[in-house]
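Colleague: Below you'll find data.cif; it's mmCIF, C-alpha atoms.
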```cif
data_start
#
loop_
_atom_site.label_atom_id
_atom_site.label_comp_id
_atom_site.auth_asym_id
_atom_site.auth_seq_id
_atom_site.Cartn_x
_atom_site.Cartn_y
_atom_site.Cartn_z
CA MET A 1019 -58.74 24.09 -27.34
CA PRO A 1020 -56.92 25.47 -30.39
CA PRO A 1021 -53.39 24.25 -30.97
CA PRO A 1022 -50.61 26.62 -29.84
CA ARG A 1023 -48.93 28.78 -32.38
CA PRO A 1024 -45.43 27.68 -33.51
CA GLY A 1025 -43.82 30.69 -31.83
CA THR A 1026 -45.22 29.80 -28.40
CA ARG A 1027 -44.87 26.00 -28.61
CA TRP A 1028 -41.57 25.98 -26.67
CA VAL A 1029 -43.30 27.80 -23.81
CA THR A 1030 -46.02 25.15 -23.73
CA ASP A 1031 -43.44 22.34 -23.80
CA PHE A 1032 -41.44 23.96 -21.01
CA PHE A 1033 -44.44 24.08 -18.69
CA SER A 1034 -45.58 20.55 -19.50
CA TYR A 1035 -45.62 17.92 -16.76
CA GLU A 1036 -44.52 14.31 -17.14
CA THR A 1037 -45.65 11.51 -14.87
CA ALA A 1038 -44.90 7.79 -14.84
CA LYS A 1039 -47.38 5.42 -16.44
CA SER A 1040 -47.50 1.79 -15.32
CA VAL A 1041 -47.59 -0.74 -18.15
CA VAL A 1042 -47.50 -4.49 -17.43
CA VAL A 1043 -45.85 -6.42 -20.27
CA LYS A 1044 -46.66 -10.14 -20.47
CA SER A 1045 -43.34 -11.37 -21.93
CA TRP A 1046 -41.22 -14.24 -20.61
CA VAL A 1047 -38.06 -12.84 -22.21
CA VAL A 1048 -38.38 -9.35 -20.77
CA GLY A 1049 -39.52 -10.68 -17.40
CA ALA A 1050 -36.54 -13.06 -17.16
CA VAL A 1051 -34.09 -10.27 -18.04
CA ASN A 1052 -35.67 -7.96 -15.46
CA ARG A 1053 -35.58 -10.49 -12.63
CA GLY A 1054 -32.08 -11.66 -13.60
CA VAL A 1055 -30.66 -8.14 -13.48
CA GLN A 1056 -32.38 -7.46 -10.17
CA LEU A 1057 -31.00 -10.70 -8.73
CA LEU A 1058 -27.44 -9.84 -9.85
CA ILE A 1059 -27.64 -6.35 -8.34
CA LEU A 1060 -29.04 -7.71 -5.09
CA ALA A 1061 -26.33 -10.40 -4.90
CA TYR A 1062 -23.63 -7.77 -5.53
CA PHE A 1063 -24.81 -5.53 -2.70
CA VAL A 1064 -25.36 -8.37 -0.24
CA GLY A 1065 -22.27 -10.42 -1.06
CA TRP A 1066 -19.66 -7.79 -1.94
CA VAL A 1067 -20.78 -4.44 -0.53
CA PHE A 1068 -22.20 -5.58 2.80
CA LEU A 1069 -20.46 -8.89 3.61
CA HIS A 1070 -17.03 -8.47 1.98
CA GLU A 1071 -16.50 -4.68 2.14
CA LYS A 1072 -18.57 -4.26 5.31
CA ALA A 1073 -20.18 -1.09 4.00
CA TYR A 1074 -22.47 -1.01 7.04
CA GLN A 1075 -19.54 0.03 9.22
CA VAL A 1076 -17.97 3.36 10.11
CA ARG A 1077 -14.22 3.04 9.38
CA ASP A 1078 -11.26 4.66 11.09
CA THR A 1079 -8.23 4.73 8.78
CA VAL A 1080 -6.08 6.84 11.13
CA ILE A 1081 -3.89 4.50 13.17
CA GLU A 1082 -1.66 5.79 15.96
CA SER A 1083 1.33 3.52 16.49
CA SER A 1084 4.55 3.22 18.47
CA VAL A 1085 7.33 0.68 17.81
CA VAL A 1086 10.16 -0.42 20.11
CA THR A 1087 12.76 -2.93 18.91
CA LYS A 1088 15.50 -4.91 20.63
CA VAL A 1089 18.10 -7.03 18.81
CA LYS A 1090 19.88 -9.93 20.50
CA GLY A 1091 22.83 -12.04 19.39
CA ILE A 1092 26.63 -12.48 19.71
CA GLY A 1093 28.85 -12.41 16.62
CA HIS A 1094 32.51 -12.80 15.69
CA TYR A 1095 34.23 -10.37 13.35
CA ALA A 1096 37.93 -9.73 12.62
CA GLY A 1097 39.04 -11.67 15.69
CA ARG A 1098 36.65 -9.79 18.01
CA VAL A 1099 33.47 -10.82 19.77
CA LEU A 1100 30.68 -8.33 19.03
CA ASP A 1101 27.44 -7.67 20.90
CA THR A 1102 24.48 -5.45 20.05
CA ALA A 1103 26.29 -2.28 21.13
CA ASP A 1104 28.89 -2.97 18.41
CA TYR A 1105 26.75 -3.86 15.40
CA VAL A 1106 23.31 -2.23 15.92
CA THR A 1107 22.68 1.41 15.09
CA PRO A 1108 20.96 3.51 16.27
CA HIS A 1109 21.03 2.19 19.80
CA GLN A 1110 17.65 3.58 20.96
CA GLY A 1111 15.58 0.67 19.60
CA THR A 1112 13.54 2.62 17.08
CA SER A 1113 11.33 1.36 14.26
CA VAL A 1114 14.27 1.74 11.84
CA PHE A 1115 17.55 0.05 12.78
CA VAL A 1116 20.63 -1.35 11.06
CA VAL A 1117 22.50 -4.58 11.76
CA VAL A 1118 26.08 -4.09 10.53
CA THR A 1119 27.43 -7.22 8.83
CA LYS A 1120 30.65 -5.98 7.16
CA GLN A 1121 33.13 -3.18 7.90
CA ILE A 1122 36.04 -1.56 6.07
CA LEU A 1123 38.29 0.29 8.55
CA THR A 1124 40.71 3.11 7.76
CA GLU A 1125 42.63 3.72 10.98
CA ASN A 1126 44.81 6.57 12.24
CA GLN A 1127 43.58 9.22 9.85
CA ALA A 1128 44.87 12.75 10.48
CA GLN A 1129 44.43 16.12 8.76
CA GLY A 1130 47.11 16.76 6.14
CA VAL A 1131 48.11 16.20 2.50
CA CYS A 1132 48.48 12.81 0.79
CA PRO A 1133 48.01 11.12 -2.61
CA GLU A 1134 44.43 10.26 -3.65
CA SER A 1135 43.71 6.52 -3.76
CA GLU A 1136 41.03 6.49 -6.47
CA ALA A 1137 42.15 5.25 -9.91
CA GLU A 1138 40.60 8.16 -11.82
CA TYR A 1139 43.08 10.55 -10.20
CA ARG A 1140 46.21 8.87 -11.56
CA CYS A 1141 48.58 11.33 -13.20
CA THR A 1142 52.02 11.84 -14.70
CA ALA A 1143 52.42 15.59 -14.21
CA ASP A 1144 50.83 18.45 -12.27
CA ARG A 1145 48.86 19.58 -15.31
CA ASP A 1146 46.80 16.35 -15.13
CA CYS A 1147 45.43 17.41 -11.75
CA ARG A 1148 44.48 20.99 -12.58
CA GLY A 1149 41.69 20.33 -15.06
CA LYS A 1150 39.62 18.18 -12.69
CA SER A 1151 36.91 19.01 -10.18
CA PRO A 1152 38.55 20.50 -7.06
CA ALA A 1153 36.78 18.12 -4.66
CA THR A 1154 37.23 14.33 -4.57
CA GLY A 1155 35.68 11.62 -2.45
CA SER A 1156 38.41 12.06 0.18
CA GLY A 1157 39.44 15.72 0.12
CA VAL A 1158 40.36 18.77 -1.96
CA LEU A 1159 42.93 18.67 -4.79
CA THR A 1160 46.07 20.72 -4.33
CA GLY A 1161 47.00 20.62 -8.02
CA ARG A 1162 50.16 18.56 -7.53
CA CYS A 1163 50.98 15.09 -8.90
CA VAL A 1164 52.82 13.08 -6.25
CA PRO A 1165 54.02 9.44 -5.91
CA TYR A 1166 51.40 7.01 -4.54
CA ASN A 1167 53.79 4.05 -4.35
CA GLY A 1168 56.91 2.88 -6.13
CA THR A 1169 55.20 2.68 -9.53
CA LEU A 1170 52.10 4.92 -9.46
CA ARG A 1171 51.57 8.67 -9.17
CA THR A 1172 48.23 10.28 -8.24
CA CYS A 1173 46.91 13.75 -7.56
CA GLU A 1174 47.55 15.12 -4.10
CA ILE A 1175 44.63 16.01 -1.80
CA ARG A 1176 44.20 17.92 1.43
CA GLY A 1177 41.95 16.22 3.98
CA TRP A 1178 41.94 13.15 6.21
CA CYS A 1179 44.99 11.05 5.41
CA PRO A 1180 45.61 8.32 4.48
CA PRO A 1181 42.48 8.19 2.23
CA GLU A 1182 40.04 5.31 2.37
CA VAL A 1183 40.50 2.29 0.11
CA ASP A 1184 37.09 0.61 -0.08
CA THR A 1185 37.88 -1.99 -2.75
CA VAL A 1186 39.50 -4.48 -0.37
CA ASP A 1187 37.86 -7.80 0.47
CA VAL A 1188 36.69 -8.11 4.05
CA PRO A 1189 34.78 -10.92 5.81
CA VAL A 1190 31.04 -10.95 6.50
CA MET A 1191 29.51 -11.62 9.93
CA LEU A 1192 27.25 -14.50 8.93
CA GLU A 1193 26.25 -15.18 12.56
CA ALA A 1194 23.79 -12.30 12.14
CA GLU A 1195 21.47 -14.74 10.36
CA ASN A 1196 20.61 -16.27 13.75
CA PHE A 1197 20.19 -12.97 15.59
CA THR A 1198 16.66 -12.15 16.78
CA VAL A 1199 14.67 -8.94 16.96
CA PHE A 1200 11.89 -8.36 19.47
CA ILE A 1201 9.21 -5.95 18.22
CA LYS A 1202 6.85 -4.25 20.64
CA ASN A 1203 4.04 -2.52 18.77
CA SER A 1204 1.19 -0.59 20.39
CA ILE A 1205 -1.64 0.82 18.28
CA ARG A 1206 -4.71 2.98 18.82
CA PHE A 1207 -7.73 3.86 16.69
CA PRO A 1208 -8.73 7.30 18.03
CA LEU A 1209 -12.23 7.37 16.51
CA PHE A 1210 -13.31 4.40 18.64
CA GLY A 1211 -10.79 4.77 21.50
CA PHE A 1212 -9.57 1.24 20.79
CA GLU A 1213 -6.07 0.28 21.98
CA LYS A 1214 -4.08 -2.91 21.67
CA ALA A 1215 -0.51 -4.27 21.48
CA ASN A 1216 1.06 -7.17 19.65
CA LEU A 1217 2.03 -8.80 22.97
CA PRO A 1218 -0.03 -11.44 24.79
CA PRO A 1219 -2.13 -10.01 27.63
CA PRO A 1220 -0.70 -10.26 31.17
CA GLY A 1221 -1.45 -13.58 32.83
CA SER A 1222 -2.11 -15.40 29.55
CA GLY A 1223 0.51 -17.98 30.45
CA GLY A 1224 2.43 -17.74 27.18
CA GLU A 1225 6.22 -17.97 27.37
CA LEU A 1226 7.12 -14.97 25.26
CA GLY A 1227 10.89 -15.38 25.49
CA ARG A 1228 10.90 -18.87 23.97
CA CYS A 1229 8.69 -18.33 20.96
CA ARG A 1230 9.99 -17.63 17.44
CA PHE A 1231 7.87 -16.23 14.66
CA HIS A 1232 6.64 -18.70 12.05
CA PRO A 1233 3.98 -17.76 9.48
CA GLU A 1234 1.98 -20.92 10.18
CA ARG A 1235 2.95 -22.36 13.56
CA GLN A 1236 3.47 -19.12 15.53
CA PRO A 1237 2.15 -16.21 13.43
CA LEU A 1238 1.65 -13.93 16.46
CA CYS A 1239 5.09 -14.26 18.08
CA PRO A 1240 6.81 -10.82 18.16
CA ILE A 1241 10.34 -12.31 18.21
CA LEU A 1242 11.70 -12.77 14.69
CA ARG A 1243 14.90 -14.42 13.48
CA LEU A 1244 16.74 -12.16 11.01
CA GLY A 1245 17.44 -15.05 8.64
CA ASP A 1246 13.71 -15.85 8.53
CA VAL A 1247 12.87 -12.22 7.78
CA ALA A 1248 15.23 -12.24 4.78
CA ARG A 1249 13.91 -15.60 3.58
CA LEU A 1250 10.26 -14.56 3.85
CA ALA A 1251 11.14 -11.41 1.90
CA GLY A 1252 12.55 -13.60 -0.88
CA GLN A 1253 16.22 -12.76 -0.22
CA ASP A 1254 19.40 -14.79 0.31
CA PHE A 1255 20.87 -13.73 3.65
CA PRO A 1256 24.63 -14.23 2.89
CA THR A 1257 24.31 -12.18 -0.31
CA LEU A 1258 22.28 -9.51 1.44
CA ALA A 1259 24.79 -9.33 4.31
CA ALA A 1260 27.68 -8.83 1.89
CA THR A 1261 26.14 -5.98 -0.13
CA GLY A 1262 23.66 -4.55 2.35
CA GLY A 1263 19.99 -3.86 1.76
CA VAL A 1264 16.73 -2.57 3.21
CA LEU A 1265 14.01 -4.98 4.38
CA GLY A 1266 10.51 -4.03 5.45
CA ILE A 1267 8.68 -5.71 8.32
CA LYS A 1268 5.03 -4.79 7.84
CA ILE A 1269 2.51 -5.16 10.66
CA GLY A 1270 -1.10 -4.90 9.56
CA TRP A 1271 -4.03 -4.23 11.90
CA VAL A 1272 -7.34 -4.70 10.05
CA CYS A 1273 -9.93 -5.02 12.81
CA ASP A 1274 -13.67 -5.64 12.91
CA LEU A 1275 -14.68 -4.03 16.21
CA ASP A 1276 -18.15 -5.60 16.04
CA ARG A 1277 -16.41 -8.82 17.06
CA ALA A 1278 -14.58 -9.64 20.29
CA TRP A 1279 -11.51 -7.63 21.41
CA GLU A 1280 -9.34 -10.74 21.13
CA ARG A 1281 -10.18 -11.10 17.42
CA CYS A 1282 -8.21 -7.97 16.50
CA LEU A 1283 -4.81 -9.51 15.71
CA PRO A 1284 -1.73 -8.29 13.83
CA ARG A 1285 -0.55 -9.80 10.56
CA TYR A 1286 3.14 -9.82 9.66
CA SER A 1287 4.51 -9.61 6.12
CA PHE A 1288 7.96 -8.96 4.71
CA THR A 1289 9.42 -7.33 1.61
CA ARG A 1290 12.59 -5.75 0.26
CA LEU A 1291 12.25 -1.98 0.03
CA ASP A 1292 15.38 -0.83 -1.78
CA GLY A 1293 16.37 -1.46 -5.39
CA LEU A 1294 17.65 -4.91 -6.27
CA ALA A 1295 21.06 -5.79 -7.67
CA ARG A 1296 20.16 -4.28 -11.06
CA ALA A 1297 20.07 -0.78 -9.54
CA PRO A 1298 22.97 1.62 -10.30
CA ALA A 1299 24.02 1.67 -6.62
CA PRO A 1300 22.98 -1.71 -5.17
CA GLY A 1301 23.05 -2.52 -1.49
CA TYR A 1302 23.18 -0.34 1.60
CA ASN A 1303 26.19 1.17 3.36
CA PHE A 1304 27.16 4.23 5.34
CA ARG A 1305 30.24 5.77 6.97
CA HIS A 1306 30.94 6.90 10.51
CA ALA A 1307 34.08 7.87 12.42
CA ARG A 1308 35.51 7.55 15.93
CA TYR A 1309 37.72 10.46 17.00
CA TYR A 1310 40.53 10.45 19.53
CA ARG A 1311 43.75 12.29 20.49
CA TRP A 1312 47.14 10.93 19.48
CA GLN A 1313 50.14 11.02 21.83
CA ASP A 1314 51.47 14.18 20.19
CA GLY A 1315 48.16 15.96 20.75
CA THR A 1316 46.90 15.79 17.14
CA GLU A 1317 43.31 14.78 16.45
CA ARG A 1318 42.91 11.47 14.68
CA ARG A 1319 40.06 9.22 13.73
CA THR A 1320 39.15 5.72 12.60
CA LEU A 1321 36.85 5.82 9.56
CA THR A 1322 34.43 2.91 9.15
CA LYS A 1323 32.52 2.08 6.01
CA ALA A 1324 29.75 -0.18 7.28
CA PHE A 1325 27.64 -2.54 5.19
CA GLY A 1326 24.50 -3.83 6.80
CA ILE A 1327 20.83 -4.71 6.61
CA ARG A 1328 18.42 -1.94 7.49
CA PHE A 1329 15.07 -3.02 8.87
CA ASP A 1330 12.06 -0.72 8.60
CA VAL A 1331 9.08 -1.68 10.77
CA LEU A 1332 5.97 -0.34 8.98
CA VAL A 1333 2.59 -0.31 10.72
CA TYR A 1334 -0.70 0.14 8.84
CA GLY A 1335 -4.34 -0.71 9.38
CA ASN A 1336 -7.94 0.38 9.80
CA ALA A 1337 -10.88 -0.51 12.01
CA GLY A 1338 -14.61 -0.69 11.39
CA LYS A 1339 -17.69 -0.64 13.60
CA PHE A 1340 -21.43 -0.75 12.85
CA GLY A 1341 -22.98 2.62 12.04
CA ILE A 1342 -26.58 3.43 11.23
CA VAL A 1343 -25.72 6.17 8.69
CA PRO A 1344 -23.59 4.07 6.27
CA THR A 1345 -26.08 1.22 6.65
CA LEU A 1346 -29.01 3.41 5.54
CA ILE A 1347 -27.01 5.02 2.72
CA ASN A 1348 -25.94 1.71 1.20
CA THR A 1349 -29.37 0.12 1.70
CA VAL A 1350 -31.02 2.98 -0.21
CA ALA A 1351 -28.33 2.67 -2.89
CA ALA A 1352 -29.07 -1.04 -3.21
CA PHE A 1353 -32.81 -0.57 -3.71
CA THR A 1354 -32.23 2.34 -6.08
CA SER A 1355 -29.82 0.30 -8.20
CA ILE A 1356 -32.43 -2.41 -8.65
CA GLY A 1357 -34.20 0.04 -10.98
CA VAL A 1358 -31.41 -0.57 -13.51
CA GLY A 1359 -33.32 -3.69 -14.54
CA THR A 1360 -36.28 -1.56 -15.59
CA VAL A 1361 -34.07 0.71 -17.71
CA LEU A 1362 -32.50 -2.29 -19.45
CA CYS A 1363 -35.89 -3.87 -20.15
CA ASP A 1364 -37.20 -0.59 -21.59
CA ILE A 1365 -34.24 -0.47 -23.97
CA ILE A 1366 -34.96 -4.02 -25.12
CA LEU A 1367 -38.69 -3.40 -25.56
CA LEU A 1368 -38.30 -0.09 -27.37
CA ASN A 1369 -35.55 -1.15 -29.76
CA PHE A 1370 -35.09 -4.90 -30.17
CA LEU A 1371 -38.35 -6.86 -29.69
CA LYS A 1372 -41.03 -7.26 -32.33
CA GLY A 1373 -43.98 -5.06 -31.46
CA ALA A 1374 -41.82 -2.23 -30.15
CA GLU A 1375 -44.04 0.42 -31.76
CA HIS A 1376 -47.08 -0.99 -29.97
CA TYR A 1377 -45.21 -0.74 -26.64
CA LYS A 1378 -44.18 2.85 -27.35
CA ALA A 1379 -47.79 3.77 -28.10
CA ARG A 1380 -48.87 2.47 -24.70
CA LYS A 1381 -45.93 3.82 -22.71
CA PHE A 1382 -45.92 7.41 -24.03
CA GLU A 1383 -49.21 9.31 -24.22
CA GLU A 1384 -49.97 13.03 -24.42
CA VAL A 1385 -52.98 14.41 -22.52
CA PRO A 1386 -54.41 17.89 -23.32
CA GLU A 1387 -54.57 20.49 -20.57
CA ALA A 1388 -58.36 20.62 -20.33
CA GLY A 1389 -61.32 18.64 -21.43
CA VAL A 1390 -61.63 14.98 -21.99
CA PRO A 1391 -58.52 13.16 -23.25
CA ALA A 1392 -58.49 11.67 -26.70
CA PRO A 1393 -60.22 8.28 -26.90
CA PRO A 1394 -57.83 5.36 -26.49
CA ALA A 1395 -57.10 3.02 -29.32
CA SER A 1396 -59.32 0.02 -29.86
CA PRO A 1397 -58.56 -2.58 -27.18
CA THR A 1398 -58.35 -5.26 -29.81
CA ALA A 1399 -56.34 -3.34 -32.41
CA CYS A 1400 -52.78 -4.42 -33.07
CA PRO A 1401 -50.23 -2.85 -35.37
CA PRO A 1402 -48.95 -4.97 -38.21
CA GLY A 1403 -46.14 -7.30 -37.16
CA ALA A 1404 -46.99 -7.30 -33.42
CA LEU A 1405 -45.93 -10.26 -31.33
CA GLY A 1406 -48.49 -13.05 -31.36
CA GLY A 1407 -50.36 -11.59 -34.34
CA CYS A 1408 -52.78 -9.60 -32.18
CA SER A 1409 -52.51 -8.65 -28.52
CA ARG A 1410 -55.21 -8.44 -25.92
CA ASP A 1411 -54.77 -5.18 -23.96
CA LYS A 1412 -56.54 -4.73 -20.64
CA GLN A 1413 -56.92 -1.58 -18.57
CA SER A 1414 -57.81 -1.63 -14.90
CA THR A 1415 -60.56 0.69 -13.66
CA ASP A 1416 -58.76 1.88 -10.54
CA SER A 1417 -55.13 2.78 -11.34
CA GLY A 1418 -54.95 3.22 -15.08
CA THR A 1419 -52.45 0.36 -15.43
CA PHE A 1420 -52.16 -1.25 -18.84
CA SER A 1421 -51.41 -4.93 -19.33
CA LEU A 1422 -49.86 -5.79 -22.66
CA GLY A 1423 -49.71 -9.35 -23.86
CA LEU A 1424 -46.69 -9.64 -26.14
#
```
Re-express the file's structure as structure tokens.

Modeller:
Amino acid sequence: MPPPRPGTRWVTDFFSYETAKSVVVKSWVVGAVNRGVQLLILAYFVGWVFLHEKAYQVRDTVIESSVVTKVKGIGHYAGRVLDTADYVTPHQGTSVFVVVTKQILTENQAQGVCPESEAEYRCTADRDCRGKSPATGSGVLTGRCVPYNGTLRTCEIRGWCPPEVDTVDVPVMLEAENFTVFIKNSIRFPLFGFEKANLPPPGSGGELGRCRFHPERQPLCPILRLGDVARLAGQDFPTLAATGGVLGIKIGWVCDLDRAWERCLPRYSFTRLDGLARAPAPGYNFRHARYYRWQDGTERRTLTKAFGIRFDVLVYGNAGKFGIVPTLINTVAAFTSIGVGTVLCDIILLNFLKGAEHYKARKFEEVPEAGVPAPPASPTACPPGALGGCSRDKQSTDSGTFSLGL
């Protein structure tokens, strides 16, 4: 058959067909690399993918959760005895609640005009009050400079008077360190219809009211001491109670549903969620007011600036169960990845070992479209510099497989 013309060679190359050719290379180095790579790939899939990551399972990462909390404890503050109705907000027992540990009270406030208490609004004349922002932290400026006390004058405001002074020192309710919080958490994985709670099953005989959470001795107890929560989050409770802060109580549900129902257990962990003391506005506080009518019929209020510890109960998790589809997918991926060893060995043979040209000649061969293929090279011929001086090539009579002795 005459060779194709140069103008039509690309057409011939496009319609060519390539098929794999099996060549057996007798080399300890290449064989060790091939088996070593295959062993590493197999160990990765068996040890990490299947056993550790459980890739044979169908996973449900959507967790439906409800949280109910209840705080207990009696404290003393400013000569009063306080219970949960006094220091816990909100009162509905939600997953986010605040335990108030310090309060600054401004009593008998009424609508009117009065001097501003903040230092930046000190003045000597009315003109000092007219170039400022019209709104302050306590009201609206009237533009007048009025006496604050016998020695100071400040800008006058219209709003709730007298204004709040939040720089005073007030005590901290340190008894809150021994308060307890009971957390009732129910979860559901909708894909599998699996439901469970963090409480012991009815009739288990456990005395729920007497247990206290401990990460080693009682890791499943749903009653937690507030001081322990702060300590496990790496915080000092007296400091936290004085400035306020936000702590996270995390409940993790990572369940293997191929095992028994009782083996799906929650794991508790703790962290601080807000910025630490280096933040521009450290701590946590908020204001609220109680309104009432005075004897003369005017509306008055008691303003409270409350410092406290906010607790956020965060629930996360996922569940897995055996599935035939992910098992087949990852099994096929494992066997396919074993072929990486062949690719690596080809790179070594074609580029780095002595006798690479001899291997290329046996691996890549062109066969004409018709007629008898070109006669193979002499079975005893070896190119100069081949491994072992001269190789002994053998060809089987049934499959066309070559065996190269390198």

Colleague: Within 12 Å of His1109 (chain A), counting all atoms listed in the file, which residues show up once you throw out same-chain ones fewer than 5 positions away? Write them as a count of residues only, please.

Modeller: 12

Colleague: Of the candidates A:Thr1172, A:Ser1113, A:Ser1040, A:Thr1320, which one gets nearest to Thr1142 (chain A) if we count all atoms listed in the file?

Modeller: A:Thr1172

Colleague: Which distance in Å separates CA of Cys1132 (chain A) and CA of Pro1189 (chain A), to one decimal?

Modeller: 27.9 Å

Colleague: Select, from A:Leu1100, A:Cys1179, A:Val1272, A:Cys1173, the residue with the minimum atom-to-atom distance to Arg1285 (chain A), counting all atoms listed in the file.

Modeller: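 Closest to Arg1285 (chain A) of all the choices is A:Val1272.
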
Colleague: Can you tell me which residues surround Ala1137 (chain A) at a distance of at most 10 Å, considering all atoms listed in the file, apart from same-chain residues fewer than 3 positions away, and format the answer as a compact mmCIF listing (two decimals) with C-alpha atoms, in the coordinates of the input?

Modeller:
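For reference, around-v5.txt as written:
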```txt
# COMPACT_ATOMS: atom_id res chain seq x y z
CA GLU A 1134 44.43 10.26 -3.65
CA ARG A 1140 46.21 8.87 -11.56
CA CYS A 1141 48.58 11.33 -13.20
CA LEU A 1170 52.10 4.92 -9.46
CA THR A 1172 48.23 10.28 -8.24
```

Colleague: Report, in Å to a single decimal, how far apart CA of Thr1349 (chain A) and CA of Asp1274 (chain A) are.

Modeller: 20.1 Å

Colleague: Mind checking which residues fall within 7 Å of region 1250-1263 of chain A, counting all atoms listed in the file, ignoring those fewer than 5 positions away in the same chain, and posting them as a ChimeraX atom specification?

Modeller: /A:1119-1120,1190,1192,1195,1245,1288-1290,1292,1301-1303,1325-1328

Colleague: Provide the CA of Gly1177 (chain A) to CA of Gly1130 (chain A) distance in Å, to one decimal place.

Modeller: 5.6 Å

Colleague: Tell me which protein, DNA and RNA residues are within 8 Å of Pro1208 (chain A), counting only C-alpha atoms, leaving out same-chain ones fewer than 4 positions away, and put them as a PyMOL selection string.

Modeller: chain A and resi 1078+1080-1082+1212

Colleague: Determine the nearest neighbour of Val1047 (chain A) from the options A:Leu1060, A:Leu1368, A:His1376, A:Cys1363, counting only C-alpha atoms.

Modeller: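 Closest residue, counting only C-alpha atoms: A:Cys1363.
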
Colleague: Could you write out as AutoDock Vina command-line options the box around region 1222-1238 of chain A (axis-aligned, all atoms listed in the file, 3 Å on each side), with centre and edge lengths in Å to one decimal?

Modeller:
```
--center_x 4.4 --center_y -18.1 --center_z 20.0 --size_x 19.0 --size_y 14.4 --size_z 27.0
```

Colleague: Please write the residues picked by the PyMOL selection byres ((chain A and resi 1049) around 12) on this file as a list in words.

Modeller: Val1042, Val1043, Lys1044, Ser1045, Trp1046, Val1047, Val1048, Ala1050, Val1051, Asn1052, Arg1053, Gly1054, Val1055, Gln1056, Gly1359, Thr1360, Leu1362, Cys1363, Asp1364, Ile1366, Leu1367 and Leu1424 of chain A

Colleague: Mind rebuilding region 1140-1151 of chain A with N, CA and C atoms and writing that out as a compact mmCIF listing (two decimals), in the frame of the given file?

Modeller:
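Okay, this is what ended up in rebuild.txt:
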```txt
# COMPACT_ATOMS: atom_id res chain seq x y z
N ARG A 1140 44.83 9.16 -11.19
CA ARG A 1140 46.21 8.87 -11.56
C ARG A 1140 46.73 9.94 -12.51
N CYS A 1141 48.02 10.24 -12.42
CA CYS A 1141 48.58 11.33 -13.20
C CYS A 1141 50.05 11.06 -13.50
N THR A 1142 50.59 11.89 -14.39
CA THR A 1142 52.02 11.84 -14.70
C THR A 1142 52.69 13.18 -14.47
N ALA A 1143 51.88 14.26 -14.45
CA ALA A 1143 52.42 15.59 -14.21
C ALA A 1143 51.35 16.44 -13.51
N ASP A 1144 51.76 17.59 -13.00
CA ASP A 1144 50.83 18.45 -12.27
C ASP A 1144 49.66 18.92 -13.14
N ARG A 1145 49.93 19.10 -14.43
CA ARG A 1145 48.86 19.58 -15.31
C ARG A 1145 47.68 18.61 -15.39
N ASP A 1146 47.91 17.32 -15.12
CA ASP A 1146 46.80 16.35 -15.13
C ASP A 1146 45.85 16.52 -13.97
N CYS A 1147 46.26 17.23 -12.95
CA CYS A 1147 45.43 17.41 -11.75
C CYS A 1147 44.72 18.74 -11.71
N ARG A 1148 45.03 19.64 -12.66
CA ARG A 1148 44.48 20.99 -12.58
C ARG A 1148 43.19 21.14 -13.40
N GLY A 1149 42.91 20.22 -14.27
CA GLY A 1149 41.69 20.33 -15.06
C GLY A 1149 40.51 19.56 -14.48
N LYS A 1150 40.67 19.00 -13.30
CA LYS A 1150 39.62 18.18 -12.69
C LYS A 1150 38.82 18.99 -11.68
N SER A 1151 37.72 18.39 -11.22
CA SER A 1151 36.91 19.01 -10.18
C SER A 1151 37.75 19.16 -8.91
```
